[in-house]
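Raw my_file-v4.cif, mmCIF, C-alpha atoms:
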```cif
data_data
#
loop_
_atom_site.label_atom_id
_atom_site.label_comp_id
_atom_site.auth_asym_id
_atom_site.auth_seq_id
_atom_site.Cartn_x
_atom_site.Cartn_y
_atom_site.Cartn_z
CA MET A 1 50.49 -47.37 -1.03
CA LYS A 2 54.07 -46.06 -0.97
CA ALA A 3 54.78 -42.37 -1.40
CA TYR A 4 56.55 -42.75 -4.75
CA GLU A 5 53.64 -44.81 -6.12
CA ARG A 6 51.31 -41.96 -5.25
CA LEU A 7 53.67 -39.52 -6.94
CA LEU A 8 53.70 -41.57 -10.13
CA ASN A 9 49.91 -41.37 -10.21
CA TYR A 10 49.68 -37.67 -9.40
CA VAL A 11 52.22 -36.43 -11.94
CA LYS A 12 50.16 -37.82 -14.80
CA ILE A 13 47.37 -35.35 -13.98
CA TYR A 14 47.79 -32.08 -15.89
CA THR A 15 47.60 -29.23 -13.37
CA THR A 16 49.77 -26.41 -14.74
CA SER A 17 48.66 -22.95 -13.57
CA ASP A 18 48.41 -19.89 -15.84
CA GLU A 19 49.26 -16.35 -14.76
CA GLU A 20 47.26 -14.75 -17.58
CA THR A 21 43.73 -16.02 -16.84
CA GLY A 22 42.94 -13.84 -13.84
CA THR A 23 40.70 -16.54 -12.32
CA VAL A 24 40.93 -18.60 -9.12
CA PRO A 25 41.98 -21.24 -9.72
CA SER A 26 43.86 -19.99 -12.75
CA THR A 27 43.14 -23.28 -14.55
CA SER A 28 40.14 -25.53 -14.02
CA ARG A 29 42.29 -28.63 -14.62
CA GLN A 30 43.64 -28.28 -11.08
CA PHE A 31 40.25 -29.54 -9.89
CA ASP A 32 41.06 -32.93 -11.45
CA LEU A 33 43.76 -33.57 -8.87
CA ALA A 34 41.82 -31.83 -6.09
CA ARG A 35 38.80 -34.11 -6.53
CA LEU A 36 41.02 -37.20 -6.67
CA LEU A 37 42.65 -36.19 -3.38
CA VAL A 38 39.29 -35.62 -1.69
CA LYS A 39 38.23 -39.09 -2.82
CA GLU A 40 41.44 -40.64 -1.48
CA MET A 41 41.14 -38.77 1.81
CA LYS A 42 37.58 -39.97 2.32
CA GLU A 43 38.69 -43.53 1.55
CA LEU A 44 41.31 -43.14 4.30
CA GLY A 45 38.54 -42.14 6.72
CA ILE A 46 38.85 -38.35 6.67
CA ALA A 47 35.16 -37.51 6.90
CA ASP A 48 35.45 -33.74 6.46
CA ALA A 49 37.59 -33.84 3.28
CA ARG A 50 36.31 -31.32 0.74
CA VAL A 51 37.34 -29.02 -2.11
CA ASP A 52 35.87 -25.52 -2.29
CA GLU A 53 34.86 -23.45 -5.32
CA LYS A 54 38.37 -21.98 -5.59
CA CYS A 55 40.06 -25.40 -5.62
CA TYR A 56 41.37 -25.40 -2.04
CA VAL A 57 41.34 -28.87 -0.51
CA TYR A 58 40.74 -29.24 3.23
CA GLY A 59 40.65 -32.16 5.62
CA SER A 60 41.46 -32.94 9.23
CA VAL A 61 42.22 -35.82 11.55
CA PRO A 62 40.87 -35.42 15.11
CA ALA A 63 43.35 -35.75 17.97
CA SER A 64 43.95 -39.21 19.34
CA ALA A 65 42.97 -40.02 22.92
CA GLY A 66 45.11 -38.14 25.40
CA CYS A 67 46.43 -35.65 22.83
CA GLU A 68 43.44 -33.33 22.67
CA LYS A 69 45.43 -30.42 24.14
CA ALA A 70 48.30 -30.70 21.66
CA PRO A 71 48.52 -27.80 19.17
CA ALA A 72 46.76 -28.40 15.86
CA LEU A 73 49.48 -29.04 13.31
CA GLY A 74 49.02 -28.42 9.58
CA PHE A 75 50.72 -29.75 6.47
CA LEU A 76 50.30 -28.11 3.07
CA ALA A 77 51.36 -28.70 -0.52
CA HIS A 78 50.25 -27.23 -3.83
CA LEU A 79 48.30 -28.75 -6.68
CA ASP A 80 49.67 -26.78 -9.62
CA THR A 81 52.84 -27.27 -11.60
CA ALA A 82 54.91 -24.46 -13.05
CA PRO A 83 54.02 -22.85 -16.38
CA ASP A 84 57.75 -22.53 -17.19
CA PHE A 85 57.79 -25.83 -19.13
CA CYS A 86 55.33 -28.36 -20.49
CA GLY A 87 53.38 -30.11 -17.73
CA GLU A 88 51.00 -32.12 -19.93
CA ASN A 89 51.30 -35.80 -20.84
CA VAL A 90 53.96 -36.47 -18.21
CA HIS A 91 55.56 -39.90 -18.59
CA PRO A 92 57.86 -40.48 -15.59
CA LEU A 93 60.76 -42.90 -15.94
CA VAL A 94 61.80 -45.10 -13.00
CA HIS A 95 65.46 -46.14 -12.76
CA GLU A 96 65.85 -48.80 -10.08
CA ASN A 97 69.21 -49.24 -8.36
CA TYR A 98 70.50 -46.07 -10.04
CA ASP A 99 74.24 -46.34 -10.81
CA GLY A 100 75.17 -42.72 -10.08
CA GLU A 101 76.05 -41.94 -13.69
CA ASP A 102 74.47 -39.92 -16.51
CA VAL A 103 70.86 -40.78 -17.39
CA PRO A 104 69.42 -40.40 -20.92
CA LEU A 105 65.94 -38.90 -20.66
CA GLY A 106 63.94 -41.18 -22.92
CA GLU A 107 64.23 -40.44 -26.63
CA SER A 108 64.38 -36.67 -26.12
CA GLY A 109 68.11 -36.35 -26.71
CA LEU A 110 68.53 -34.78 -23.27
CA THR A 111 70.71 -36.27 -20.56
CA LEU A 112 70.55 -35.82 -16.79
CA SER A 113 74.29 -35.44 -16.28
CA VAL A 114 76.54 -35.67 -13.26
CA ARG A 115 78.52 -32.71 -14.60
CA GLN A 116 75.49 -30.45 -14.36
CA PHE A 117 74.07 -32.07 -11.21
CA PRO A 118 76.99 -33.36 -9.07
CA HIS A 119 74.62 -34.46 -6.27
CA LEU A 120 73.54 -37.37 -8.50
CA LYS A 121 76.55 -39.33 -7.24
CA SER A 122 75.03 -39.27 -3.74
CA LEU A 123 71.84 -40.88 -5.07
CA LYS A 124 73.61 -44.05 -6.25
CA GLY A 125 71.72 -47.21 -5.32
CA ARG A 126 68.37 -45.47 -4.96
CA THR A 127 65.29 -45.65 -7.16
CA LEU A 128 65.59 -42.53 -9.31
CA ILE A 129 62.50 -41.03 -10.95
CA THR A 130 63.03 -38.69 -13.92
CA THR A 131 61.14 -37.18 -16.82
CA ASP A 132 61.36 -38.47 -20.37
CA GLY A 133 62.84 -35.11 -21.37
CA THR A 134 59.71 -33.73 -23.02
CA THR A 135 57.94 -32.38 -19.90
CA LEU A 136 58.66 -31.39 -16.35
CA LEU A 137 58.04 -34.09 -13.75
CA GLY A 138 55.70 -32.29 -11.38
CA ALA A 139 57.43 -33.37 -8.16
CA ASP A 140 57.08 -29.67 -7.37
CA ASP A 141 54.82 -30.13 -5.57
CA LYS A 142 53.07 -33.43 -6.15
CA ALA A 143 55.89 -35.00 -4.14
CA GLY A 144 54.75 -32.89 -1.20
CA ILE A 145 51.19 -34.08 -1.69
CA ALA A 146 52.38 -37.70 -1.89
CA ALA A 147 54.45 -37.35 1.28
CA ILE A 148 51.53 -35.86 3.21
CA MET A 149 49.00 -38.40 1.95
CA THR A 150 51.31 -41.31 2.79
CA ALA A 151 51.87 -39.96 6.30
CA VAL A 152 48.13 -39.44 6.75
CA GLN A 153 47.49 -43.03 5.68
CA GLU A 154 49.78 -44.25 8.45
CA ILE A 155 48.25 -41.89 11.01
CA MET A 156 44.78 -43.18 10.13
CA ALA A 157 45.99 -46.74 10.71
CA GLY A 158 45.80 -45.85 14.39
CA ASP A 159 49.07 -46.42 16.26
CA ILE A 160 50.66 -42.96 16.15
CA PRO A 161 49.72 -40.49 18.93
CA HIS A 162 48.75 -37.16 17.43
CA GLY A 163 47.04 -33.88 18.08
CA ARG A 164 44.62 -32.55 15.50
CA ILE A 165 46.16 -32.80 12.03
CA CYS A 166 45.10 -30.26 9.41
CA ILE A 167 45.63 -31.03 5.73
CA GLY A 168 45.55 -28.45 2.94
CA PHE A 169 46.28 -28.50 -0.78
CA THR A 170 46.32 -25.18 -2.59
CA PRO A 171 46.05 -24.07 -6.23
CA ASP A 172 48.24 -21.54 -8.07
CA GLU A 173 51.29 -21.50 -5.80
CA GLU A 174 53.56 -21.35 -8.83
CA ILE A 175 52.07 -18.02 -9.90
CA GLY A 176 52.07 -16.53 -6.40
CA GLY A 177 48.42 -17.03 -5.48
CA GLY A 178 48.33 -20.22 -3.47
CA ALA A 179 47.94 -18.78 0.02
CA GLU A 180 45.60 -15.92 -0.82
CA ASP A 181 42.27 -17.67 -0.38
CA LEU A 182 43.12 -20.39 2.12
CA ASP A 183 40.45 -20.17 4.82
CA LEU A 184 42.62 -20.19 7.95
CA PRO A 185 39.80 -20.75 10.47
CA LEU A 186 38.51 -23.64 8.36
CA PHE A 187 42.02 -25.05 7.96
CA GLY A 188 42.32 -24.91 11.72
CA ALA A 189 46.06 -25.23 12.38
CA LYS A 190 48.01 -23.31 15.01
CA TYR A 191 51.29 -24.08 13.27
CA ALA A 192 51.98 -25.60 9.89
CA TYR A 193 54.65 -26.74 7.47
CA THR A 194 54.61 -26.55 3.71
CA VAL A 195 56.16 -29.67 2.16
CA ASP A 196 57.55 -28.04 -0.95
CA GLY A 197 61.33 -28.01 -0.79
CA GLY A 198 64.37 -29.78 -2.20
CA ALA A 199 66.46 -32.47 -0.54
CA GLU A 200 64.69 -34.43 2.19
CA ASN A 201 66.91 -33.04 4.97
CA GLU A 202 66.21 -29.39 4.13
CA ILE A 203 64.40 -26.92 6.38
CA GLU A 204 63.66 -23.44 5.08
CA TYR A 205 62.33 -20.42 6.91
CA GLU A 206 64.03 -17.58 5.04
CA ASN A 207 62.79 -16.76 1.58
CA PHE A 208 63.11 -13.98 -0.93
CA ASN A 209 61.15 -10.79 -0.82
CA ALA A 210 59.58 -10.91 -4.25
CA ALA A 211 57.95 -8.75 -6.88
CA ALA A 212 57.01 -8.94 -10.54
CA ALA A 213 57.71 -5.94 -12.77
CA VAL A 214 56.68 -5.10 -16.32
CA PHE A 215 58.01 -2.31 -18.53
CA GLU A 216 55.70 -1.41 -21.40
CA ILE A 217 57.28 0.80 -24.06
CA ARG A 218 55.37 2.85 -26.61
CA GLY A 219 57.35 3.68 -29.74
CA PHE A 220 56.80 5.95 -32.74
CA ASN A 221 57.01 4.21 -36.11
CA ILE A 222 57.74 6.06 -39.31
CA HIS A 223 59.37 5.14 -42.60
CA PRO A 224 63.06 4.56 -41.82
CA GLY A 225 64.09 6.75 -44.75
CA ASP A 226 62.38 9.75 -43.15
CA SER A 227 62.89 8.94 -39.48
CA LYS A 228 65.69 11.33 -38.47
CA ASP A 229 64.86 12.71 -34.98
CA LYS A 230 61.35 11.25 -35.26
CA MET A 231 61.40 7.48 -34.87
CA ILE A 232 61.28 5.95 -31.39
CA ASN A 233 62.10 2.27 -31.71
CA ALA A 234 60.39 0.55 -28.78
CA ALA A 235 62.38 -2.66 -29.23
CA LEU A 236 65.67 -0.74 -28.99
CA LEU A 237 64.47 1.09 -25.90
CA ALA A 238 63.68 -2.28 -24.31
CA CYS A 239 67.30 -3.29 -24.90
CA ARG A 240 68.48 -0.04 -23.31
CA ILE A 241 66.32 -0.60 -20.24
CA ASN A 242 67.74 -4.06 -19.68
CA ALA A 243 71.28 -2.72 -20.17
CA MET A 244 70.69 -0.27 -17.31
CA LEU A 245 70.38 -3.16 -14.83
CA PRO A 246 73.47 -4.64 -13.11
CA GLU A 247 74.88 -7.24 -15.48
CA ALA A 248 76.07 -9.61 -12.77
CA GLU A 249 72.85 -9.61 -10.73
CA THR A 250 70.98 -12.34 -12.59
CA PRO A 251 69.98 -15.79 -11.32
CA ARG A 252 72.96 -17.36 -13.12
CA ASP A 253 75.42 -15.12 -11.28
CA THR A 254 73.97 -15.22 -7.75
CA GLU A 255 73.56 -17.72 -4.92
CA GLY A 256 72.65 -18.03 -1.25
CA TYR A 257 71.32 -14.73 0.07
CA GLU A 258 72.22 -12.75 -3.07
CA GLY A 259 69.31 -11.13 -4.89
CA PHE A 260 68.71 -10.65 -8.60
CA PHE A 261 66.77 -9.17 -11.48
CA HIS A 262 65.46 -11.93 -13.75
CA LEU A 263 64.24 -11.10 -17.25
CA THR A 264 61.52 -13.68 -17.91
CA GLU A 265 60.05 -12.36 -21.14
CA LEU A 266 61.02 -9.91 -23.89
CA SER A 267 58.90 -9.01 -26.89
CA GLY A 268 58.85 -6.02 -29.15
CA THR A 269 58.49 -4.18 -32.43
CA VAL A 270 59.22 -0.61 -33.41
CA GLU A 271 55.78 0.43 -32.18
CA LYS A 272 55.65 -1.35 -28.84
CA ALA A 273 57.72 -3.57 -26.58
CA ARG A 274 57.40 -5.33 -23.25
CA LEU A 275 59.90 -6.53 -20.66
CA SER A 276 58.83 -8.81 -17.78
CA TYR A 277 61.00 -9.33 -14.71
CA ILE A 278 60.90 -11.01 -11.36
CA ILE A 279 62.86 -9.25 -8.60
CA ARG A 280 64.17 -11.13 -5.58
CA ASP A 281 66.20 -10.30 -2.46
CA HIS A 282 66.37 -11.70 1.07
CA SER A 283 67.18 -8.28 2.53
CA PHE A 284 64.12 -6.03 2.55
CA PRO A 285 66.15 -2.80 2.28
CA HIS A 286 68.02 -4.26 -0.71
CA PHE A 287 64.71 -5.39 -2.18
CA GLU A 288 63.28 -1.88 -1.87
CA ALA A 289 66.44 -0.50 -3.49
CA ARG A 290 65.94 -2.83 -6.46
CA LEU A 291 62.38 -1.61 -6.94
CA GLU A 292 63.56 2.00 -6.66
CA MET A 293 66.15 1.32 -9.37
CA LEU A 294 63.36 0.21 -11.71
CA ARG A 295 61.35 3.33 -10.93
CA HIS A 296 64.41 5.46 -11.62
CA ILE A 297 64.88 3.79 -14.99
CA GLU A 298 61.26 4.56 -15.87
CA LYS A 299 61.83 8.20 -14.90
CA ILE A 300 65.05 8.55 -16.91
CA MET A 301 63.56 6.91 -20.01
CA ASN A 302 60.54 9.19 -19.97
CA GLU A 303 62.74 12.26 -19.51
CA ARG A 304 64.77 11.25 -22.55
CA TRP A 305 62.03 9.98 -24.84
CA GLY A 306 58.87 11.74 -23.74
CA GLU A 307 56.42 11.34 -20.89
CA GLY A 308 54.38 8.17 -21.22
CA CYS A 309 56.87 6.45 -23.50
CA VAL A 310 57.70 3.94 -20.74
CA THR A 311 55.25 2.62 -18.17
CA LEU A 312 56.40 0.47 -15.25
CA THR A 313 54.03 -1.75 -13.28
CA ILE A 314 55.27 -3.43 -10.09
CA ARG A 315 53.32 -6.12 -8.25
CA GLU A 316 54.70 -7.26 -4.91
CA GLN A 317 54.29 -11.01 -4.45
CA TYR A 318 55.53 -12.09 -1.01
CA ARG A 319 57.85 -11.17 1.85
CA ASN A 320 60.62 -12.97 3.71
CA MET A 321 58.92 -15.08 6.39
CA LYS A 322 61.96 -15.05 8.71
CA GLU A 323 60.61 -12.39 11.07
CA LYS A 324 57.36 -14.34 11.50
CA ILE A 325 59.09 -17.66 12.17
CA GLU A 326 61.72 -16.41 14.63
CA PRO A 327 59.17 -16.12 17.51
CA CYS A 328 58.27 -19.79 16.83
CA MET A 329 61.70 -21.37 16.45
CA HIS A 330 60.41 -24.59 17.99
CA LEU A 331 59.14 -25.30 14.46
CA ILE A 332 62.74 -25.34 13.24
CA GLU A 333 64.29 -27.03 16.26
CA ASN A 334 61.70 -29.82 16.26
CA ALA A 335 62.21 -30.38 12.55
CA LYS A 336 65.97 -30.61 13.09
CA ALA A 337 65.49 -33.16 15.87
CA VAL A 338 63.20 -35.33 13.74
CA ILE A 339 65.58 -35.22 10.77
CA ARG A 340 68.50 -36.25 12.99
CA SER A 341 66.42 -39.13 14.36
CA LEU A 342 66.26 -40.47 10.79
CA ASP A 343 70.09 -40.46 10.50
CA LEU A 344 70.13 -37.33 8.36
CA GLU A 345 71.93 -34.07 8.99
CA PRO A 346 69.48 -31.16 8.83
CA ALA A 347 70.32 -28.42 6.35
CA VAL A 348 68.75 -25.05 7.21
CA LEU A 349 68.92 -23.10 3.97
CA PRO A 350 67.51 -19.87 2.57
CA VAL A 351 64.84 -20.41 -0.09
CA ARG A 352 65.88 -18.89 -3.39
CA GLY A 353 62.23 -18.51 -4.23
CA GLY A 354 59.01 -18.47 -2.25
CA THR A 355 56.41 -20.80 -0.86
CA ASP A 356 52.81 -20.57 0.27
CA GLY A 357 54.30 -20.59 3.76
CA ALA A 358 55.72 -17.10 3.33
CA ARG A 359 52.30 -15.56 2.73
CA LEU A 360 50.64 -17.74 5.33
CA SER A 361 53.19 -16.68 7.94
CA TYR A 362 52.29 -13.06 7.29
CA ARG A 363 48.61 -13.97 7.53
CA GLY A 364 49.20 -15.31 11.04
CA LEU A 365 49.99 -19.00 10.48
CA PRO A 366 53.72 -19.63 11.11
CA CYS A 367 54.68 -21.98 8.30
CA PRO A 368 58.27 -22.96 7.43
CA ASN A 369 59.08 -25.32 4.58
CA LEU A 370 60.28 -28.94 4.47
CA GLY A 371 62.01 -30.85 1.69
CA THR A 372 60.52 -33.58 -0.47
CA GLY A 373 63.67 -35.20 -1.88
CA GLY A 374 63.33 -33.54 -5.29
CA TYR A 375 65.75 -31.57 -7.47
CA ALA A 376 65.96 -29.35 -10.58
CA TYR A 377 62.33 -28.28 -10.55
CA HIS A 378 60.44 -26.52 -13.36
CA GLY A 379 62.05 -28.26 -16.32
CA PRO A 380 62.92 -31.51 -18.08
CA TYR A 381 65.79 -32.30 -15.68
CA GLU A 382 63.50 -32.54 -12.64
CA HIS A 383 64.14 -35.69 -10.61
CA ILE A 384 63.50 -37.30 -7.24
CA THR A 385 64.22 -40.59 -5.50
CA ALA A 386 61.68 -42.94 -3.95
CA GLU A 387 63.87 -43.15 -0.84
CA GLY A 388 64.11 -39.38 -0.43
CA LEU A 389 60.36 -39.02 -0.75
CA GLU A 390 59.84 -41.79 1.80
CA LYS A 391 62.11 -39.92 4.22
CA ALA A 392 60.03 -36.78 3.69
CA SER A 393 56.94 -38.71 4.71
CA ARG A 394 58.74 -40.09 7.79
CA ILE A 395 59.71 -36.54 8.79
CA ILE A 396 56.05 -35.55 8.74
CA LEU A 397 55.22 -38.49 10.98
CA GLY A 398 58.05 -37.58 13.33
CA LEU A 399 56.73 -34.03 13.66
CA VAL A 400 53.25 -35.35 14.35
CA ARG A 401 54.64 -37.40 17.23
CA LYS A 402 56.74 -34.49 18.46
CA TYR A 403 53.83 -32.10 18.67
CA SER A 404 51.57 -34.68 20.29
CA GLU A 405 53.85 -34.42 23.34
CA LEU A 406 53.30 -30.67 23.80
#
```

Take the structure in this file and express it as structure tokens.
Amino acid sequence: MKAYERLLNYVKIYTTSDEETGTVPSTSRQFDLARLLVKEMKELGIADARVDEKCYVYGSVPASAGCEKAPALGFLAHLDTAPDFCGENVHPLVHENYDGEDVPLGESGLTLSVRQFPHLKSLKGRTLITTDGTTLLGADDKAGIAAIMTAVQEIMAGDIPHGRICIGFTPDEEIGGGAEDLDLPLFGAKYAYTVDGGAENEIEYENFNAAAAVFEIRGFNIHPGDSKDKMINAALLACRINAMLPEAETPRDTEGYEGFFHLTELSGTVEKARLSYIIRDHSFPHFEARLEMLRHIEKIMNERWGEGCVTLTIREQYRNMKEKIEPCMHLIENAKAVIRSLDLEPAVLPVRGGTDGARLSYRGLPCPNLGTGGYAYHGPYEHITAEGLEKASRIILGLVRKYSEL
């Protein structure tokens, strides 16, 4: 089975995670894909394939003859899709021999346009896979799963020399929990790659330092006709808090290594209000300064409006993996060499987000990220090409060969 055919099957399985449930996995529907993958792995001959009670999928391929001393190499992708947009009832559209122009997304009224996504011109002639405009696609990260499974199928066919190959599929990556409960001794890899990036030639080993922050505001409601010097309008205070943040440091206004404050949710009445943010920065000192700015805002608001009026909660999510990868730069150099061998120019880029690999690197498993050939994740404009996904699978196979020689 080709990688894109696998992807078309996987995206139809509803696996969106949910940050509010407090369970692991956050949604039981992720087991539907996990169990399917275990079944497929066993059919490929992976005898130890299994899914645990927290929806982590494990499997391994023993080293081929003569490669027993090669380092165990792992490949990981995540089962869940983002809760940012509808991930249920996905109906992917396949556009063969794509003409490089705008693409209507089904009957939704939305258009995947070259103006918004100039890279579409470079995909001309490929088989383009899009949404129908009513859901996300789920290539983040079912494309990674498809690339890994397709590579594993070829490895199991028997002609590729390889050390031990460790396969892992995790739940809840999209809500920051994917690497927390991965059993590293059971997984068994010395080094690993997540397959969870963008264009197929991308390599990523620098990611944001990340935190989530919530301001909860307690107001004082009284009849507006008798509210002089008494009323505290929580909704207005929420607006004031957001206005205290740098106006130009939002995702829309930043790129590359630039950090941001991102308001993800705002709700409020006179009596109570809530602001939810994600905070990102590649520089750890700058990241700490951003968190300190939020704490200062909490302090100032409580001094002005009364102690306990504003409560700030900060939850750190992950750190920049760069310092953990730099002692193992062979992971990057080998990936570059494999990508060049496939007539692509490697693009080493900072991740403007995070991956399971960031947390795993800090847990002791160096784990940079590879591309899948997908674009515009987390919404109705998500798209990927069959050819890009096939290249991602070939890169995995190239790395398997590379590490079998060590």

Can you list, as a ChimeraX atom specification, every protein, DNA or RNA residue that comes within 9 Å of Tyr98 (chain A) when you count all atoms listed in the file, leaving out same-chain residues fewer than 5 positions away? /A:123-128

Name the residues captured by the PyMOL selection byres ((chain A and resi 336) around 12) when it is applied to the shown file; answer as a PDB file with C-alpha atoms, in the coordinates of the input.
```
ATOM      1  CA  GLU A 200      64.690 -34.430   2.190  1.00  0.00           C
ATOM      2  CA  ASN A 201      66.910 -33.040   4.970  1.00  0.00           C
ATOM      3  CA  GLU A 202      66.210 -29.390   4.130  1.00  0.00           C
ATOM      4  CA  ILE A 203      64.400 -26.920   6.380  1.00  0.00           C
ATOM      5  CA  GLU A 204      63.660 -23.440   5.080  1.00  0.00           C
ATOM      6  CA  MET A 329      61.700 -21.370  16.450  1.00  0.00           C
ATOM      7  CA  HIS A 330      60.410 -24.590  17.990  1.00  0.00           C
ATOM      8  CA  LEU A 331      59.140 -25.300  14.460  1.00  0.00           C
ATOM      9  CA  ILE A 332      62.740 -25.340  13.240  1.00  0.00           C
ATOM     10  CA  GLU A 333      64.290 -27.030  16.260  1.00  0.00           C
ATOM     11  CA  ASN A 334      61.700 -29.820  16.260  1.00  0.00           C
ATOM     12  CA  ALA A 335      62.210 -30.380  12.550  1.00  0.00           C
ATOM     13  CA  ALA A 337      65.490 -33.160  15.870  1.00  0.00           C
ATOM     14  CA  VAL A 338      63.200 -35.330  13.740  1.00  0.00           C
ATOM     15  CA  ILE A 339      65.580 -35.220  10.770  1.00  0.00           C
ATOM     16  CA  ARG A 340      68.500 -36.250  12.990  1.00  0.00           C
ATOM     17  CA  SER A 341      66.420 -39.130  14.360  1.00  0.00           C
ATOM     18  CA  LEU A 342      66.260 -40.470  10.790  1.00  0.00           C
ATOM     19  CA  ASP A 343      70.090 -40.460  10.500  1.00  0.00           C
ATOM     20  CA  LEU A 344      70.130 -37.330   8.360  1.00  0.00           C
ATOM     21  CA  GLU A 345      71.930 -34.070   8.990  1.00  0.00           C
ATOM     22  CA  PRO A 346      69.480 -31.160   8.830  1.00  0.00           C
ATOM     23  CA  ALA A 347      70.320 -28.420   6.350  1.00  0.00           C
ATOM     24  CA  VAL A 348      68.750 -25.050   7.210  1.00  0.00           C
ATOM     25  CA  LEU A 370      60.280 -28.940   4.470  1.00  0.00           C
ATOM     26  CA  ILE A 395      59.710 -36.540   8.790  1.00  0.00           C
ATOM     27  CA  ILE A 396      56.050 -35.550   8.740  1.00  0.00           C
ATOM     28  CA  GLY A 398      58.050 -37.580  13.330  1.00  0.00           C
ATOM     29  CA  LEU A 399      56.730 -34.030  13.660  1.00  0.00           C
ATOM     30  CA  LYS A 402      56.740 -34.490  18.460  1.00  0.00           C
TER      31      LYS A 402
END
```

Between A:Thr194, A:Thr372, A:Thr81, A:Asn9, single out the one closest to Gly357 (chain A), counting all atoms listed in the file.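 With all atoms listed in the file as the atom set, the closest residue is A:Thr194.
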
Distance query Gly379 (chain A) at most 12 Å, all atoms listed in the file, self and fewer than 6 positions along chain excluded, as a short mmCIF file (atom, residue, chain, number, x, y, z; two decimals) with C-alpha atoms, keeping the file's coordinate frame:
```
data_model
loop_
_atom_site.label_atom_id
_atom_site.label_comp_id
_atom_site.auth_asym_id
_atom_site.auth_seq_id
_atom_site.Cartn_x
_atom_site.Cartn_y
_atom_site.Cartn_z
CA THR A 81 52.84 -27.27 -11.60
CA ALA A 82 54.91 -24.46 -13.05
CA PRO A 83 54.02 -22.85 -16.38
CA ASP A 84 57.75 -22.53 -17.19
CA PHE A 85 57.79 -25.83 -19.13
CA CYS A 86 55.33 -28.36 -20.49
CA GLY A 87 53.38 -30.11 -17.73
CA VAL A 90 53.96 -36.47 -18.21
CA LEU A 110 68.53 -34.78 -23.27
CA LEU A 112 70.55 -35.82 -16.79
CA THR A 130 63.03 -38.69 -13.92
CA THR A 131 61.14 -37.18 -16.82
CA ASP A 132 61.36 -38.47 -20.37
CA GLY A 133 62.84 -35.11 -21.37
CA THR A 134 59.71 -33.73 -23.02
CA THR A 135 57.94 -32.38 -19.90
CA LEU A 136 58.66 -31.39 -16.35
CA LEU A 137 58.04 -34.09 -13.75
CA GLY A 138 55.70 -32.29 -11.38
CA ALA A 139 57.43 -33.37 -8.16
CA ASP A 140 57.08 -29.67 -7.37
#
```

Counting all atoms listed in the file, figure out which residue out of A:Asp253, A:Glu53, A:Glu271, A:Glu323 gets nearest to Phe284 (chain A).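 Answer, going by the shortest atom-to-atom distance: A:Glu323.
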
Going by the chain IDs and residue numbers used in this file, which residues fall under the PyMOL selection byres ((chain A and resi 232-237) around 8)? Write them as a PyMOL selection string. chain A and resi 217-221+230-231+238-241+267-273+305

Calculate how many Å separate CA of Glu258 (chain A) from CA of Asp281 (chain A), rounding to one decimal.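 Atom-to-atom, CA of Glu258 (chain A) and CA of Asp281 (chain A) are spaced 6.5 Å apart.
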
Write out as a PDB file with C-alpha atoms, in the frame of the given file each polymer residue whose atoms come within 8 Å of Val400 (chain A), counting only C-alpha atoms; drop sequence neighbours fewer than 4 positions from it.
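And here's around_9.pdb as it stands now:
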```
ATOM      1  CA  LEU A  73      49.480 -29.040  13.310  1.00  0.00           C
ATOM      2  CA  PRO A 161      49.720 -40.490  18.930  1.00  0.00           C
ATOM      3  CA  HIS A 162      48.750 -37.160  17.430  1.00  0.00           C
ATOM      4  CA  GLY A 163      47.040 -33.880  18.080  1.00  0.00           C
ATOM      5  CA  ILE A 165      46.160 -32.800  12.030  1.00  0.00           C
ATOM      6  CA  ILE A 396      56.050 -35.550   8.740  1.00  0.00           C
ATOM      7  CA  SER A 404      51.570 -34.680  20.290  1.00  0.00           C
TER       8      SER A 404
END
```

Written as an MDAnalysis selection string, which residues does the PyMOL selection byres ((chain A and resi 166-177) around 7) give for the file shown? chainID A and resid 17 19 25:26 30 55:61 72:82 164:165 178:180 187:189 317 356

Find the residues near Cys367 (chain A): any atom within 7 Å, counting only C-alpha atoms, skip ones fewer than 4 places away on the same chain, and give them as a PyMOL selection string. chain A and resi 191-194+357+360-361

Could you give me, as a list in words, the residues that sit within 8 Å of (51.4, -0.7, -21.2) in the file's coordinates, counting all atoms listed in the file? Phe215, Glu216, Ile217, Arg218, Arg274, Val310, Thr311 and Leu312 of chain A

If you keep C-alpha atoms, can you produce a file of those selected residues as a tab-separated table (two decimals), in the coordinates of the input?
```
chain	number	residue	atom	x	y	z
A	215	PHE	CA	58.01	-2.31	-18.53
A	216	GLU	CA	55.70	-1.41	-21.40
A	217	ILE	CA	57.28	0.80	-24.06
A	218	ARG	CA	55.37	2.85	-26.61
A	274	ARG	CA	57.40	-5.33	-23.25
A	310	VAL	CA	57.70	3.94	-20.74
A	311	THR	CA	55.25	2.62	-18.17
A	312	LEU	CA	56.40	0.47	-15.25
```

Tell me which of A:Asn97, A:Gln116, A:Asn209, A:Ser227 sits closest to Ala386 (chain A), counting only C-alpha atoms.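 Checking each candidate against Ala386 (chain A), we get A:Asn97 as the closest.
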
Across A:Val51, A:Met149, A:Ile279, A:Leu291, the smallest distance to Phe208 (chain A), with all atoms listed in the file counted, is shown by A:Ile279

Shortest contact to Val114 (chain A), candidates A:Ala34, A:Ile297, A:Gly100, A:Pro380, atoms counted all atoms listed in the file, goes to A:Gly100

Nearest to Glu154 (chain A): which of A:Val24, A:Arg315, A:Leu44, A:Pro368 is it, counting only C-alpha atoms?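 The answer is A:Leu44, which sits nearest to Glu154 (chain A).
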
Kindly give the distance, in Å, that separates CA of Leu397 (chain A) and CA of Cys328 (chain A), rounded to a single decimal.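 Result for CA of Leu397 (chain A) versus CA of Cys328 (chain A): 19.8 Å, one decimal.
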